[in-house]
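Enquirer: Pasting in a structure now, in structure tokens, and then I'll have a few things to ask.
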Amino acid sequence: MSIHVVSASERRAKIRAHAASLGIDEAYIARLVDTFYTRIRAHDVLGPIFQEVIGDNWDPHLSKMKDFWASVALNSGQYSGKPVPAHQKLTHVQRAHFQTWLALFRQTLEDTAPSNEAVDYFMERAERIAESLQLAMFGTPGLPGYRP
Ligand code: HEM
């Protein structure tokens with residue numbers, strides 16, 4: 001019996017090849033992020049929440065978000081930020097805002113994605129991350145501090 005140990009770079013290459021087969025690469029991620037945050041900024045509810053924190057400083061946020069999505073979707077390892085504290089300090093954000101965020105993200109994907117599989121690929125990941133951010137922000141049912 002032989003055991004094949006998969007190196008980090010082999011694993012990364014596999015993920016990247018699979019994503020590429022769905023039409024997902026850095027160029028698409030840049031387009032997705034630019035389009036999504038253009039819509040976020042124009043959104044009547046979400047726009048002001050972002051504006052308050054980011055102000056006129058959108059370029060660093062957009063490049064951070066491109067690194068983030070390349071890490072999530074392509075396993076690029078480019079992003080090394082801390083999403084949980086970044087959202088925990090947004091004390092007026094509620095669960096309903098996450099539903100709005102996810103709906104806008106889905107609509108952006110449906111308008112721009114290279115394939116239906118690419119829509120699902122991003123949505124699965126966005127929903128999972130949104131779930132864990134909400135656990136961190138609003139707590140766990142049955143534990144102290146839980147906000148339904
Ligand atoms: C209601 C929903 C959301 C709101 C209002 C929101 C708002 C924000 C704001 C204002 C920032 C900037 C924070 C700062 O620079 O100090 C931020 C950063 C960020 N957001 Fe969100 N966000 C939401 C949902 C999400 C979701 C669902 C994801 C991932 C799928 C996400 C990923 C990130 C990441 C990666 C950062 C950068 C954190 C860092 O490294 O500094 N956000 N968000």
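As shown in the structure tokens, the chain order sets the letters A, B, ...; within each chain, residues go from 1, and ligands are also counted from 1 in the order they appear.
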Around ligand 1, at most 6 Å away and counting only C-alpha atoms and all ligand atoms, which residues are there? Put them as a PDB file with C-alpha atoms, in the first residue's frame, please.

Expert:
```pdb
ATOM      1  CA  ILE A  49     -23.351  51.219   7.072  1.00  0.00           C
ATOM      2  CA  PHE A  50     -20.295  50.779   4.838  1.00  0.00           C
ATOM      3  CA  VAL A  53     -16.657  52.900   8.339  1.00  0.00           C
ATOM      4  CA  MET A  65     -11.853  41.944  -0.577  1.00  0.00           C
ATOM      5  CA  PHE A  68     -10.178  37.597   0.566  1.00  0.00           C
ATOM      6  CA  GLY A  81      -7.143  39.745   7.908  1.00  0.00           C
ATOM      7  CA  LYS A  82      -9.554  39.235  10.774  1.00  0.00           C
ATOM      8  CA  PRO A  83     -13.176  39.314   9.610  1.00  0.00           C
ATOM      9  CA  ALA A  86     -14.126  43.802  11.813  1.00  0.00           C
ATOM     10  CA  HIS A  87     -17.825  42.900  11.994  1.00  0.00           C
ATOM     11  CA  VAL A  93     -25.774  45.589  12.092  1.00  0.00           C
ATOM     12  CA  HIS A  97     -28.801  42.949   7.115  1.00  0.00           C
ATOM     13  CA  PHE A  98     -27.078  39.643   6.399  1.00  0.00           C
ATOM     14  CA  TRP A 101     -26.222  41.339   1.887  1.00  0.00           C
ATOM     15  CA  ALA A 126     -20.660  33.298   1.340  1.00  0.00           C
ATOM     16  CA  ILE A 129     -19.064  32.673   6.246  1.00  0.00           C
ATOM     17  CA  ALA A 130     -22.193  34.784   6.879  1.00  0.00           C
TER      18      ALA A 130
END
```

Enquirer: For Thr112 of chain A, please output as a PyMOL selection string all residues within 10 Å (counting only C-alpha atoms; exclusion window: fewer than 3 positions along the same chain).

Expert: chain A and resi 28+31-32+35-36+106-109+115+118-119

Enquirer: Selection from above, N, CA and C atoms, as a short mmCIF file (atom, residue, chain, number, x, y, z; two decimals), in the first residue's frame, can you write it?

Expert:
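Wrote it out as again.cif, contents follow:
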```
data_model
loop_
_atom_site.label_atom_id
_atom_site.label_comp_id
_atom_site.auth_asym_id
_atom_site.auth_seq_id
_atom_site.Cartn_x
_atom_site.Cartn_y
_atom_site.Cartn_z
N TYR A 28 -12.18 37.33 -12.85
CA TYR A 28 -13.61 37.32 -12.51
C TYR A 28 -13.82 37.84 -11.08
N ARG A 31 -13.89 41.52 -11.00
CA ARG A 31 -15.14 42.04 -11.56
C ARG A 31 -16.29 41.89 -10.56
N LEU A 32 -16.34 40.72 -9.91
CA LEU A 32 -17.38 40.45 -8.92
C LEU A 32 -17.30 41.47 -7.77
N THR A 35 -18.18 45.08 -8.89
CA THR A 35 -19.62 45.24 -9.16
C THR A 35 -20.42 45.19 -7.85
N PHE A 36 -20.07 44.22 -7.00
CA PHE A 36 -20.82 44.06 -5.75
C PHE A 36 -20.73 45.32 -4.89
N ARG A 106 -25.98 37.43 -4.30
CA ARG A 106 -26.54 36.46 -5.25
C ARG A 106 -26.94 37.15 -6.56
N GLN A 107 -27.60 38.31 -6.44
CA GLN A 107 -28.03 39.01 -7.65
C GLN A 107 -26.81 39.43 -8.48
N THR A 108 -25.77 39.90 -7.81
CA THR A 108 -24.55 40.30 -8.52
C THR A 108 -23.93 39.11 -9.24
N LEU A 109 -23.91 37.96 -8.55
CA LEU A 109 -23.38 36.74 -9.19
C LEU A 109 -24.24 36.36 -10.38
N SER A 115 -20.81 31.02 -15.03
CA SER A 115 -21.59 29.79 -15.13
C SER A 115 -22.52 29.72 -13.92
N ALA A 118 -20.72 28.57 -10.94
CA ALA A 118 -19.93 29.61 -10.27
C ALA A 118 -20.80 30.38 -9.26
N VAL A 119 -22.08 30.58 -9.61
CA VAL A 119 -23.00 31.23 -8.66
C VAL A 119 -23.06 30.39 -7.39
#
```

Enquirer: Would you list the contacts of Glu127 of chain A as a PyMOL selection string, taking every protein, DNA or RNA residue within 12 Å and counting only C-alpha atoms, but skipping same-chain residues closer than 2 positions in sequence?

Expert: chain A and resi 98-103+105-106+119-125+129-134

Enquirer: Select from chain A everything DSSP, run on the backbone, classes as alpha helix (DSSP H), then give the selection as a compact mmCIF listing (two decimals) with N, CA and C atoms, in the first residue's frame.

Expert:
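Writing done, so here's part_38.txt:
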```txt
# COMPACT_ATOMS: atom_id res chain seq x y z
N ALA A 8 0.70 21.20 -0.08
CA ALA A 8 -0.17 22.39 -0.11
C ALA A 8 -0.25 22.96 -1.53
N SER A 9 0.87 22.91 -2.26
CA SER A 9 0.82 23.50 -3.60
C SER A 9 0.05 22.63 -4.59
N GLU A 10 0.12 21.30 -4.39
CA GLU A 10 -0.72 20.42 -5.23
C GLU A 10 -2.20 20.66 -4.96
N ARG A 11 -2.51 20.80 -3.67
CA ARG A 11 -3.90 21.03 -3.27
C ARG A 11 -4.41 22.34 -3.87
N ARG A 12 -3.58 23.36 -3.76
CA ARG A 12 -3.93 24.68 -4.30
C ARG A 12 -4.16 24.59 -5.82
N ALA A 13 -3.27 23.87 -6.50
CA ALA A 13 -3.38 23.75 -7.96
C ALA A 13 -4.68 23.04 -8.34
N LYS A 14 -5.06 22.04 -7.55
CA LYS A 14 -6.32 21.31 -7.83
C LYS A 14 -7.53 22.21 -7.66
N ILE A 15 -7.53 22.97 -6.56
CA ILE A 15 -8.66 23.88 -6.30
C ILE A 15 -8.75 24.92 -7.40
N ARG A 16 -7.59 25.47 -7.77
CA ARG A 16 -7.56 26.50 -8.82
C ARG A 16 -8.05 25.94 -10.16
N ALA A 17 -7.65 24.71 -10.47
CA ALA A 17 -8.08 24.10 -11.74
C ALA A 17 -9.58 23.85 -11.74
N HIS A 18 -10.10 23.39 -10.59
CA HIS A 18 -11.54 23.16 -10.51
C HIS A 18 -12.30 24.49 -10.66
N ALA A 19 -11.84 25.52 -9.94
CA ALA A 19 -12.48 26.84 -10.06
C ALA A 19 -12.39 27.33 -11.50
N ALA A 20 -11.25 27.16 -12.14
CA ALA A 20 -11.08 27.62 -13.52
C ALA A 20 -12.06 26.92 -14.45
N SER A 21 -12.37 25.64 -14.16
CA SER A 21 -13.31 24.91 -15.00
C SER A 21 -14.72 25.50 -14.88
N GLU A 26 -8.82 35.14 -11.03
CA GLU A 26 -8.63 36.47 -10.42
C GLU A 26 -9.38 37.56 -11.18
N ALA A 27 -9.42 37.44 -12.51
CA ALA A 27 -10.09 38.48 -13.30
C ALA A 27 -11.58 38.51 -12.98
N TYR A 28 -12.18 37.33 -12.85
CA TYR A 28 -13.61 37.32 -12.51
C TYR A 28 -13.82 37.84 -11.08
N ILE A 29 -12.94 37.45 -10.16
CA ILE A 29 -13.08 37.91 -8.77
C ILE A 29 -13.01 39.44 -8.71
N ALA A 30 -12.12 40.03 -9.46
CA ALA A 30 -12.01 41.50 -9.48
C ALA A 30 -13.32 42.12 -9.97
N ARG A 31 -13.89 41.52 -11.00
CA ARG A 31 -15.14 42.04 -11.56
C ARG A 31 -16.29 41.89 -10.56
N LEU A 32 -16.34 40.72 -9.91
CA LEU A 32 -17.38 40.45 -8.92
C LEU A 32 -17.30 41.47 -7.77
N VAL A 33 -16.10 41.63 -7.23
CA VAL A 33 -15.92 42.53 -6.08
C VAL A 33 -16.25 43.98 -6.47
N ASP A 34 -15.73 44.43 -7.62
CA ASP A 34 -16.01 45.81 -8.04
C ASP A 34 -17.51 46.03 -8.24
N THR A 35 -18.18 45.08 -8.89
CA THR A 35 -19.62 45.24 -9.16
C THR A 35 -20.42 45.19 -7.85
N PHE A 36 -20.07 44.22 -7.00
CA PHE A 36 -20.82 44.06 -5.75
C PHE A 36 -20.73 45.32 -4.89
N TYR A 37 -19.52 45.86 -4.70
CA TYR A 37 -19.41 47.02 -3.80
C TYR A 37 -19.90 48.31 -4.44
N THR A 38 -19.94 48.37 -5.77
CA THR A 38 -20.63 49.50 -6.41
C THR A 38 -22.11 49.46 -6.03
N ARG A 39 -22.69 48.26 -6.04
CA ARG A 39 -24.10 48.12 -5.68
C ARG A 39 -24.33 48.34 -4.18
N ILE A 40 -23.38 47.83 -3.36
CA ILE A 40 -23.47 48.06 -1.91
C ILE A 40 -23.51 49.57 -1.62
N ARG A 41 -22.62 50.30 -2.26
CA ARG A 41 -22.53 51.74 -1.98
C ARG A 41 -23.80 52.46 -2.38
N ALA A 42 -24.49 51.95 -3.40
CA ALA A 42 -25.73 52.59 -3.87
C ALA A 42 -26.95 52.09 -3.11
N LEU A 46 -27.72 49.20 3.15
CA LEU A 46 -26.33 48.78 3.40
C LEU A 46 -25.32 49.89 3.10
N GLY A 47 -25.62 50.73 2.11
CA GLY A 47 -24.68 51.78 1.71
C GLY A 47 -24.18 52.61 2.89
N PRO A 48 -25.09 53.18 3.68
CA PRO A 48 -24.65 54.04 4.80
C PRO A 48 -23.83 53.30 5.86
N ILE A 49 -24.11 51.99 6.07
CA ILE A 49 -23.35 51.22 7.07
C ILE A 49 -21.89 51.14 6.64
N PHE A 50 -21.66 50.86 5.37
CA PHE A 50 -20.29 50.78 4.84
C PHE A 50 -19.65 52.16 4.81
N GLN A 51 -20.44 53.15 4.38
CA GLN A 51 -19.90 54.50 4.22
C GLN A 51 -19.36 55.02 5.54
N GLU A 52 -20.06 54.72 6.63
CA GLU A 52 -19.67 55.22 7.94
C GLU A 52 -18.27 54.73 8.33
N VAL A 53 -17.95 53.47 7.96
CA VAL A 53 -16.66 52.90 8.34
C VAL A 53 -15.60 53.21 7.28
N ILE A 54 -15.96 53.11 6.01
CA ILE A 54 -14.97 53.15 4.94
C ILE A 54 -14.79 54.55 4.37
N TRP A 58 -12.17 53.59 -0.30
CA TRP A 58 -12.65 52.32 -0.85
C TRP A 58 -11.55 51.48 -1.49
N ASP A 59 -10.51 52.10 -2.04
CA ASP A 59 -9.52 51.31 -2.79
C ASP A 59 -8.87 50.22 -1.94
N PRO A 60 -8.40 50.55 -0.70
CA PRO A 60 -7.83 49.46 0.12
C PRO A 60 -8.86 48.40 0.48
N HIS A 61 -10.11 48.82 0.70
CA HIS A 61 -11.14 47.81 1.02
C HIS A 61 -11.36 46.88 -0.16
N LEU A 62 -11.43 47.45 -1.37
CA LEU A 62 -11.66 46.61 -2.55
C LEU A 62 -10.50 45.65 -2.77
N SER A 63 -9.27 46.12 -2.59
CA SER A 63 -8.18 45.16 -2.82
C SER A 63 -8.13 44.10 -1.72
N LYS A 64 -8.49 44.49 -0.50
CA LYS A 64 -8.57 43.49 0.57
C LYS A 64 -9.64 42.43 0.23
N MET A 65 -10.77 42.89 -0.27
CA MET A 65 -11.85 41.94 -0.58
C MET A 65 -11.50 41.05 -1.77
N LYS A 66 -10.70 41.56 -2.72
CA LYS A 66 -10.24 40.70 -3.82
C LYS A 66 -9.29 39.62 -3.29
N ASP A 67 -8.41 40.01 -2.37
CA ASP A 67 -7.52 39.02 -1.74
C ASP A 67 -8.34 37.99 -0.95
N PHE A 68 -9.33 38.49 -0.24
CA PHE A 68 -10.18 37.60 0.57
C PHE A 68 -10.85 36.55 -0.33
N TRP A 69 -11.49 37.01 -1.40
CA TRP A 69 -12.22 36.06 -2.25
C TRP A 69 -11.27 35.14 -3.02
N ALA A 70 -10.08 35.64 -3.35
CA ALA A 70 -9.10 34.74 -3.99
C ALA A 70 -8.66 33.66 -3.00
N SER A 71 -8.55 34.02 -1.72
CA SER A 71 -8.19 33.02 -0.71
C SER A 71 -9.32 32.01 -0.52
N VAL A 72 -10.57 32.52 -0.48
CA VAL A 72 -11.70 31.63 -0.25
C VAL A 72 -11.97 30.75 -1.49
N ALA A 73 -11.96 31.36 -2.66
CA ALA A 73 -12.39 30.63 -3.86
C ALA A 73 -11.26 29.87 -4.54
N LEU A 74 -10.04 30.39 -4.42
CA LEU A 74 -8.91 29.77 -5.13
C LEU A 74 -7.85 29.22 -4.17
N PRO A 83 -11.79 38.90 9.88
CA PRO A 83 -13.18 39.31 9.61
C PRO A 83 -14.05 39.41 10.87
N VAL A 84 -13.82 38.56 11.86
CA VAL A 84 -14.73 38.56 13.01
C VAL A 84 -14.70 39.90 13.76
N PRO A 85 -13.53 40.36 14.26
CA PRO A 85 -13.55 41.67 14.93
C PRO A 85 -14.00 42.81 14.03
N ALA A 86 -13.71 42.73 12.73
CA ALA A 86 -14.13 43.80 11.81
C ALA A 86 -15.65 43.94 11.80
N HIS A 87 -16.36 42.83 11.99
CA HIS A 87 -17.83 42.90 11.99
C HIS A 87 -18.40 43.07 13.39
N GLN A 88 -17.70 42.54 14.41
CA GLN A 88 -18.21 42.67 15.79
C GLN A 88 -18.32 44.13 16.21
N ARG A 95 -29.26 40.80 12.07
CA ARG A 95 -29.35 39.60 11.24
C ARG A 95 -29.97 39.89 9.87
N ALA A 96 -31.01 40.72 9.87
CA ALA A 96 -31.71 41.01 8.60
C ALA A 96 -30.76 41.62 7.57
N HIS A 97 -29.77 42.36 8.05
CA HIS A 97 -28.80 42.95 7.12
C HIS A 97 -28.03 41.86 6.37
N PHE A 98 -27.79 40.74 7.06
CA PHE A 98 -27.08 39.64 6.40
C PHE A 98 -27.91 39.04 5.27
N GLN A 99 -29.23 38.95 5.48
CA GLN A 99 -30.10 38.43 4.41
C GLN A 99 -30.05 39.37 3.20
N THR A 100 -30.06 40.67 3.49
CA THR A 100 -29.99 41.67 2.41
C THR A 100 -28.65 41.57 1.68
N TRP A 101 -27.57 41.47 2.46
CA TRP A 101 -26.22 41.34 1.89
C TRP A 101 -26.16 40.12 0.96
N LEU A 102 -26.66 38.97 1.47
CA LEU A 102 -26.59 37.73 0.69
C LEU A 102 -27.44 37.82 -0.58
N ALA A 103 -28.60 38.47 -0.49
CA ALA A 103 -29.47 38.61 -1.66
C ALA A 103 -28.79 39.48 -2.73
N LEU A 104 -28.12 40.54 -2.28
CA LEU A 104 -27.43 41.42 -3.23
C LEU A 104 -26.22 40.72 -3.85
N PHE A 105 -25.55 39.91 -3.04
CA PHE A 105 -24.40 39.15 -3.55
C PHE A 105 -24.89 38.14 -4.59
N ARG A 106 -25.98 37.43 -4.30
CA ARG A 106 -26.54 36.46 -5.25
C ARG A 106 -26.94 37.15 -6.56
N GLN A 107 -27.60 38.31 -6.44
CA GLN A 107 -28.03 39.01 -7.65
C GLN A 107 -26.81 39.43 -8.48
N THR A 108 -25.77 39.90 -7.81
CA THR A 108 -24.55 40.30 -8.52
C THR A 108 -23.93 39.11 -9.24
N LEU A 109 -23.91 37.96 -8.55
CA LEU A 109 -23.38 36.74 -9.19
C LEU A 109 -24.24 36.36 -10.38
N GLU A 110 -25.56 36.39 -10.22
CA GLU A 110 -26.43 35.99 -11.32
C GLU A 110 -26.25 36.90 -12.53
N ASP A 111 -25.92 38.15 -12.28
CA ASP A 111 -25.73 39.10 -13.38
C ASP A 111 -24.35 38.99 -14.02
N THR A 112 -23.36 38.45 -13.32
CA THR A 112 -21.99 38.53 -13.83
C THR A 112 -21.29 37.17 -13.97
N ASN A 116 -23.58 28.90 -14.01
CA ASN A 116 -24.47 28.70 -12.85
C ASN A 116 -23.72 28.05 -11.71
N GLU A 117 -22.78 27.16 -12.05
CA GLU A 117 -21.98 26.51 -11.00
C GLU A 117 -21.15 27.53 -10.24
N ALA A 118 -20.72 28.57 -10.94
CA ALA A 118 -19.93 29.61 -10.27
C ALA A 118 -20.80 30.38 -9.26
N VAL A 119 -22.08 30.58 -9.61
CA VAL A 119 -23.00 31.23 -8.66
C VAL A 119 -23.06 30.39 -7.39
N ASP A 120 -23.30 29.08 -7.56
CA ASP A 120 -23.41 28.19 -6.39
C ASP A 120 -22.10 28.14 -5.60
N TYR A 121 -20.99 28.11 -6.33
CA TYR A 121 -19.67 28.01 -5.70
C TYR A 121 -19.44 29.18 -4.74
N PHE A 122 -19.75 30.41 -5.20
CA PHE A 122 -19.58 31.58 -4.33
C PHE A 122 -20.65 31.63 -3.24
N MET A 123 -21.89 31.28 -3.60
CA MET A 123 -22.97 31.39 -2.60
C MET A 123 -22.77 30.42 -1.44
N GLU A 124 -22.34 29.19 -1.75
CA GLU A 124 -22.10 28.22 -0.67
C GLU A 124 -21.10 28.79 0.33
N ARG A 125 -20.05 29.39 -0.19
CA ARG A 125 -19.01 29.93 0.68
C ARG A 125 -19.48 31.18 1.41
N ALA A 126 -20.18 32.07 0.69
CA ALA A 126 -20.66 33.30 1.34
C ALA A 126 -21.65 32.96 2.46
N GLU A 127 -22.53 31.98 2.22
CA GLU A 127 -23.53 31.63 3.24
C GLU A 127 -22.87 31.03 4.47
N ARG A 128 -21.86 30.20 4.24
CA ARG A 128 -21.14 29.59 5.36
C ARG A 128 -20.43 30.68 6.19
N ILE A 129 -19.79 31.62 5.53
CA ILE A 129 -19.06 32.67 6.25
C ILE A 129 -20.06 33.61 6.94
N ALA A 130 -21.17 33.93 6.26
CA ALA A 130 -22.19 34.78 6.88
C ALA A 130 -22.72 34.12 8.15
N GLU A 131 -22.90 32.79 8.09
CA GLU A 131 -23.37 32.05 9.27
C GLU A 131 -22.37 32.18 10.42
N SER A 132 -21.09 32.04 10.13
CA SER A 132 -20.12 32.09 11.23
C SER A 132 -19.94 33.51 11.75
N LEU A 133 -20.07 34.52 10.87
CA LEU A 133 -20.02 35.91 11.36
C LEU A 133 -21.20 36.19 12.28
N GLN A 134 -22.38 35.66 11.90
CA GLN A 134 -23.57 35.89 12.74
C GLN A 134 -23.44 35.17 14.10
N LEU A 135 -22.84 33.99 14.10
CA LEU A 135 -22.59 33.30 15.38
C LEU A 135 -21.71 34.17 16.27
N ALA A 136 -20.67 34.75 15.66
CA ALA A 136 -19.75 35.59 16.44
C ALA A 136 -20.43 36.88 16.90
N MET A 137 -21.32 37.43 16.08
CA MET A 137 -21.92 38.74 16.41
C MET A 137 -23.13 38.63 17.31
N PHE A 138 -23.93 37.57 17.11
CA PHE A 138 -25.23 37.50 17.80
C PHE A 138 -25.31 36.32 18.77
```

Enquirer: May I ask for the distance between atom CA of Lys89 of chain A and atom CA of Gly77 of chain A, given in Å to one decimal place?

Expert: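 Rounded to one decimal, the two atoms are 25.1 Å apart.
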
Enquirer: What's the separation between atom CA of Pro114 of chain A and atom CA of Ile24 of chain A, in Å to one decimal place?

Expert: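 One can read the atom CA of Pro114 of chain A to atom CA of Ile24 of chain A distance as 7.3 Å.
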